[in-house]
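One structure below.
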Amino acid sequence: MISEFRDEHFAGVEALWEEAFPNDAPWNKASVAIPEKMRFQPGLMLVALEGPLVVGSVMAGYEGHRGWISRIAVLRAHRHKRIGQALLLEAEERLAALGCLKINLQVVASNAAVVRFYEGAGYQVEPRVSMSKRISQSRPAVGPKSASPDA
Ligand SMILES: CC(C)(COP(=O)(O)OP(=O)(O)OC[C@H]1O[C@@H](n2cnc3c(N)ncnc32)[C@H](O)[C@@H]1OP(=O)(O)O)[C@@H](O)C(=O)NCCC(=O)NCCS
């Protein structure tokens, strides 16, 4: 069964991610990433359940232009039962319901074998260079310019 993440799933997702992403960067840990995700489109954080056990999870997001899928994982003992594909499909349907027309995702070079999993769901490798920038939390938030007093 696929369902939206709830607090009671936290320990299961944390254990799943520790197994699936053993070399995770500190900022990707469940204790950091899940509370952040709960602030933005929490309905796009999904878990696959077998009874009370979290056997899989996926995180998705839509920023008004592209949908993104990340952190898909299935417990090793439960792999190759199409749970990953079911999670992907549910995330896609929820993104489509928001008006999303195209989904992007990234695969780290050391995990290239997983490309086959995504290709099986209709994804294509695109010639892109992936770039990123970490933004310091100490930086002041940028908002609309306040009107000058004499404007
Ligand atoms: C990727 C992952 C979520 C797939 O979950 P799953 O439930 O086993 O996937 P499915 O059963 O839906 O797989 C369907 C098909 O995709 C392909 N596939 C699945 N996992 C694969 C992998 N790791 N490498 C290559 N192909 C894979 C296979 O063709 C599979 O069919 P098969 O079972 O008949 O061989 C799981 O392997 C996982 O948690 N991996 C570790 C975390 C990870 O790397 N996540 C992706 C980050 S980009």
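In the structure tokens, the first chain shown is A, the next is B, and so on; residue numbers restart at 1 for each chain, and ligands run from 1 in the order shown.
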
**Message:** Need the shell around stretch 41-53 of chain A: protein/DNA/RNA residues with any atom at most 10 Å away, counting only C-alpha atoms. Skip same-chain ones fewer than 3 positions apart. Format as an MDAnalysis selection string?
**Reply:** chainID A and resid 1:6 8:13 34:38 56:63 69:74 78 83:84 86:88 90:92 94:95

**Message:** At a cut-off of 8 Å, using only C-alpha atoms, what residues contact A:Ala20? Leave out same-chain residues fewer than 2 positions from it and give the result as a list in words.
**Reply:** Leu16, Trp17, Glu18, Pro22, Ala73, Val74, Leu75 and Arg76 of chain A

**Request:** List every residue of chain A that DSSP, applied to the backbone of this structure, places in alpha helix (DSSP H), and write the result as a PyMOL selection string.
**Result:** chain A and resi 10-20+30-39+83-97+115-119

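Minimum atom-to-atom distances from A:Glu126, A:Glu93, A:Asp7, A:Glu19 to A:Val107 were compared using only C-alpha atoms, and the lowest value belongs to A:Glu126.
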
**Prompt:** Which is closest to ligand 1 among A:Ala30, A:Ala121, A:Val114, A:Ala109, if we use only C-alpha atoms and all ligand atoms?
**Reply:**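 When distances to ligand 1 are compared using only C-alpha atoms and all ligand atoms, the smallest one comes from A:Val114.
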
**Request:** Pick out the closest residue to ligand 1 from this set: A:Gly67, A:Leu105, A:Trp27, A:Glu14. Count only C-alpha atoms and all ligand atoms.
**Result:**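 Of A:Gly67, A:Leu105, A:Trp27, A:Glu14, the one nearest ligand 1, counting only C-alpha atoms and all ligand atoms, is A:Leu105.
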
**Message:** So, with only C-alpha atoms and all ligand atoms as the atoms that count, which of A:Arg79, A:Arg128, A:Lys133, A:Lys102 lies closest to ligand 1?
**Reply:** A:Arg79

**Request:** May I ask for the distance between atom CA of A:His80 and atom 41 (C, counted along the ligand's line) of ligand 1, given in Å to one decimal place?
**Result:** 11.3 Å

**Prompt:** stretch 21-72 of chain A: which residues are strand (DSSP E) by DSSP, as a PyMOL selection string?
**Reply:** chain A and resi 45-50+53-62+67-72

Could you save those same residues with C-alpha atoms as a PDB file, in the first residue's frame?
```
ATOM      1  CA  MET A  45       6.406  12.450   0.483  1.00  0.00           C
ATOM      2  CA  LEU A  46       5.174   8.890   0.047  1.00  0.00           C
ATOM      3  CA  VAL A  47       5.797   5.596   1.767  1.00  0.00           C
ATOM      4  CA  ALA A  48       5.157   2.007   0.715  1.00  0.00           C
ATOM      5  CA  LEU A  49       3.821  -0.029   3.622  1.00  0.00           C
ATOM      6  CA  GLU A  50       3.539  -3.733   4.296  1.00  0.00           C
ATOM      7  CA  LEU A  53       6.481  -1.728   8.122  1.00  0.00           C
ATOM      8  CA  VAL A  54       7.859   0.996   5.866  1.00  0.00           C
ATOM      9  CA  VAL A  55       9.363  -0.916   2.932  1.00  0.00           C
ATOM     10  CA  GLY A  56       9.832   1.989   0.530  1.00  0.00           C
ATOM     11  CA  SER A  57       9.668   5.736   0.132  1.00  0.00           C
ATOM     12  CA  VAL A  58       9.907   8.482  -2.448  1.00  0.00           C
ATOM     13  CA  MET A  59      10.038  12.243  -2.303  1.00  0.00           C
ATOM     14  CA  ALA A  60       8.688  14.463  -5.079  1.00  0.00           C
ATOM     15  CA  GLY A  61       8.191  18.166  -5.643  1.00  0.00           C
ATOM     16  CA  TYR A  62       6.798  20.578  -8.234  1.00  0.00           C
ATOM     17  CA  GLY A  67       8.519  18.015 -11.252  1.00  0.00           C
ATOM     18  CA  TRP A  68      11.373  16.398  -9.373  1.00  0.00           C
ATOM     19  CA  ILE A  69      11.645  12.925  -7.952  1.00  0.00           C
ATOM     20  CA  SER A  70      14.295  11.991  -5.448  1.00  0.00           C
ATOM     21  CA  ARG A  71      15.236   9.633  -2.638  1.00  0.00           C
ATOM     22  CA  ILE A  72      13.361   6.639  -4.019  1.00  0.00           C
TER      23      ILE A  72
END
```

**Request:** Go through A:Lys29, A:Arg39, A:Arg66, A:Arg116 one by one, measure the shortest atom-to-atom distance of each to ligand 1 using only C-alpha atoms and all ligand atoms, and give the residue with the smallest value.
**Result:**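 Using only C-alpha atoms and all ligand atoms, ligand 1 sits closest to A:Arg116.
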